[in-house]
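Enquirer: I'd like to ask some things about the structure below.
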4 protein chains.
Amino acid sequence: MNNVVLIGRLTRDPEVRYTSETQMAVARFSVAIDRPVRSGGEKQTDFPNVVVFGKQAENCERFLRKGRLVGIQGRIQTGRYTNKNGDTVYTTEVVANNVEFLDWGDRNERSERPAAQSSQKEDMGIPDGFQAIEDEDIPF
Amino acid sequence: MNNVVLIGRLTRDPEVRYTSETQMAVARFSVAIDRPVRSGGEKQTDFPNVVVFGKQAENCERFLRKGRLVGIQGRIQTGRYTNKNGDTVYTTEVVANNVEFLDWGDRNERSERPAAQSSQKEDMGIPDGFQAIEDEDIPF
Amino acid sequence: MNNVVLIGRLTRDPEVRYTSETQMAVARFSVAIDRPVRSGGEKQTDFPNVVVFGKQAENCERFLRKGRLVGIQGRIQTGRYTNKNGDTVYTTEVVANNVEFLDWGDRNERSERPAAQSSQKEDMGIPDGFQAIEDEDIPF
Amino acid sequence: MNNVVLIGRLTRDPEVRYTSETQMAVARFSVAIDRPVRSGGEKQTDFPNVVVFGKQAENCERFLRKGRLVGIQGRIQTGRYTNKNGDTVYTTEVVANNVEFLDWGDRNERSERPAAQSSQKEDMGIPDGFQAIEDEDIPF
DNA sequence: TTTT
DNA sequence: TTTT
């Protein structure tokens, strides 16, 4: 069992690359999640990193921008690599199974597309406030 | 372990009553959550019932209306009672530990309060997109 | 977003039926989950109902018995039907995506199979403490 | 919303220190969680780090050992620090709200205590398969 | 590297 | 630094 649910705002636009063999999209971003404020305490925020694969990653590239609110269901994945100094770096990120777009704002849209509208969302088969996962999208 | 996370829209205004001894608020509502649409399938929706206690219930009464989008973290609670026909009715509901208001819309507001605005939210100590839980609110 | 995680013990042996057309297995059971005990309070327990489909349901039939400890990841599903008195009954159950067997005990085994052992588990391709979900098992 | 549920086995004994001012216990460990095995794929495992505070940390020190199975409910916390080379290191860990001991094994027990038994668990006020969180334990 |  |  390894189950994560997050609701937070993108700290920057998603970064998307494509795998060389299958040209599968891989989107990465981090989300800001404010911790519950203790009385008399100051605001604190966590910034978990998120990875999304496949068609969902393509939708992230099209629709998500810095500041957008998203709901994420996924799992924690750990890894490691050796950096240029030769020491081991440990990584922890959230692999998303499902990304829901929780505000369809009209600001911060990329220039190559018009603002999201109800009709457009339906054209794309994207129900309001929900984004289905397709089996063929899951590469792991 | 008994952990539930929901994101959905209120199917009606919250119903709020107060316990007789301590005058603690108890808010009840249900949320609509669309299931992921299977290709070729038709839309289906679940309607789990939600209960909230204490100060959070008071905030639900003030700020939540039918159609609002909320994020809920809580647990499943089961119970039973005997109805007027004398047969046992089994109940299942989600007891919320945390309710987050995910859209601060300007429609459907109750008449006795003005539309939520940034400054007002800060007046109330309610951070945008998050609603802290206070220890003294938890009655269970 | 509709995400549930439970850890609890089966209140009875799973009930399994098979759909008429595709002969897909459908397993049903409920689990007992003790609530955190409040100091000075008495023990209270929730009994959510769980449904499992496909190959996972078959594994539940083979390996799960009353009293076994399971971890469940799934979602809340609501429904309704009309009973023989003609009144509408509302239902809430947890549809499991993943069922993990958390104790491989040697008691309460069905007579038609020997006690679970390490070698047998490996024969069945079931890793210890984890039960993979196969895509073809998911009927919704 | 920031919600994590894990079930996994300790990769080593918990490390416990006490804060200097309040002498609050802080336990740290990581858990091994096998990923669902893809057909034809090889086993892969994640190793998220976990932190526990207060009385629950003390219980971890007493009862948990390398190899034990635990259920954890908590949240993702990120941070950073500067290492001796002067570069920034980013950290991600799971802050546990609740730790459940899922196997009360008789091996790997520390010498200063006998094997856990039903009566002893009740003596300690620890219900079987569940470990309550006390309000005064939560330091954040 | 941090969002409203 | 990795568990059964």
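Chain identifiers are assigned as A, B, and so on, following the order in which chains appear in the structure tokens; residues are numbered from 1 within each chain, and ligands are numbered from 1 in order of appearance.
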What lies within 9 Å of segment 21-31 of chain A using only C-alpha atoms (C1' of nucleotides), ignoring chain neighbours under 4 positions off, as an MDAnalysis selection string?
Expert: (chainID A and resid 6:17 46:58 60:61 67 69:70 137 139) or (chainID E and resid 2:3)
Enquirer: Would you list which chain D residues are within 12 Å of chain A using only C-alpha atoms, as an MDAnalysis selection string?
Expert: chainID D and resid 1:9 30:39 41:50 69:80 83 85 87:95 138:140
Enquirer: Name the residues of segment 20-98 of chain B that fall into strand (DSSP E or B) according to DSSP on the backbone, using the chain letters and numbers of this document, as a VMD selection string.
Expert: chain B and resid 25 to 34 45 to 46 49 to 53 69 to 82 88 to 98
Enquirer: Using Å and a single decimal, report how far atom CA of Thr19 of chain D sits from atom CA of Arg62 of chain D.
Expert: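 Calculated distance between atom CA of Arg62 of chain D and atom CA of Thr19 of chain D is 17.8 Å.
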Enquirer: Just the number, please: distance in Å from atom CA of Asn98 of chain D to atom CA of Asn59 of chain D, one decimal.
Expert: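 Atom-to-atom, atom CA of Asn98 of chain D to atom CA of Asn59 of chain D, that is 11.3 Å.
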Enquirer: Using DSSP assignments from the backbone, pull out every residue in segment 44-97 of chain B that falls under alpha helix (DSSP H) and give it to me as an NGL selection string.
Expert: :B and (54-63)
Enquirer: Return the single residue from C:Lys66, C:Leu102, C:Thr82, C:Gly40 that is closest to chain F, with distances computed using only C-alpha atoms (C1' of nucleotides).
Expert: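 Once distances to chain F are computed over only C-alpha atoms (C1' of nucleotides), the minimum belongs to C:Leu102.
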Enquirer: What does the structure give for the distance between atom CA of Ser20 of chain B and atom CA of Tyr81 of chain B, in Å to one decimal?
Expert: 20.2 Å
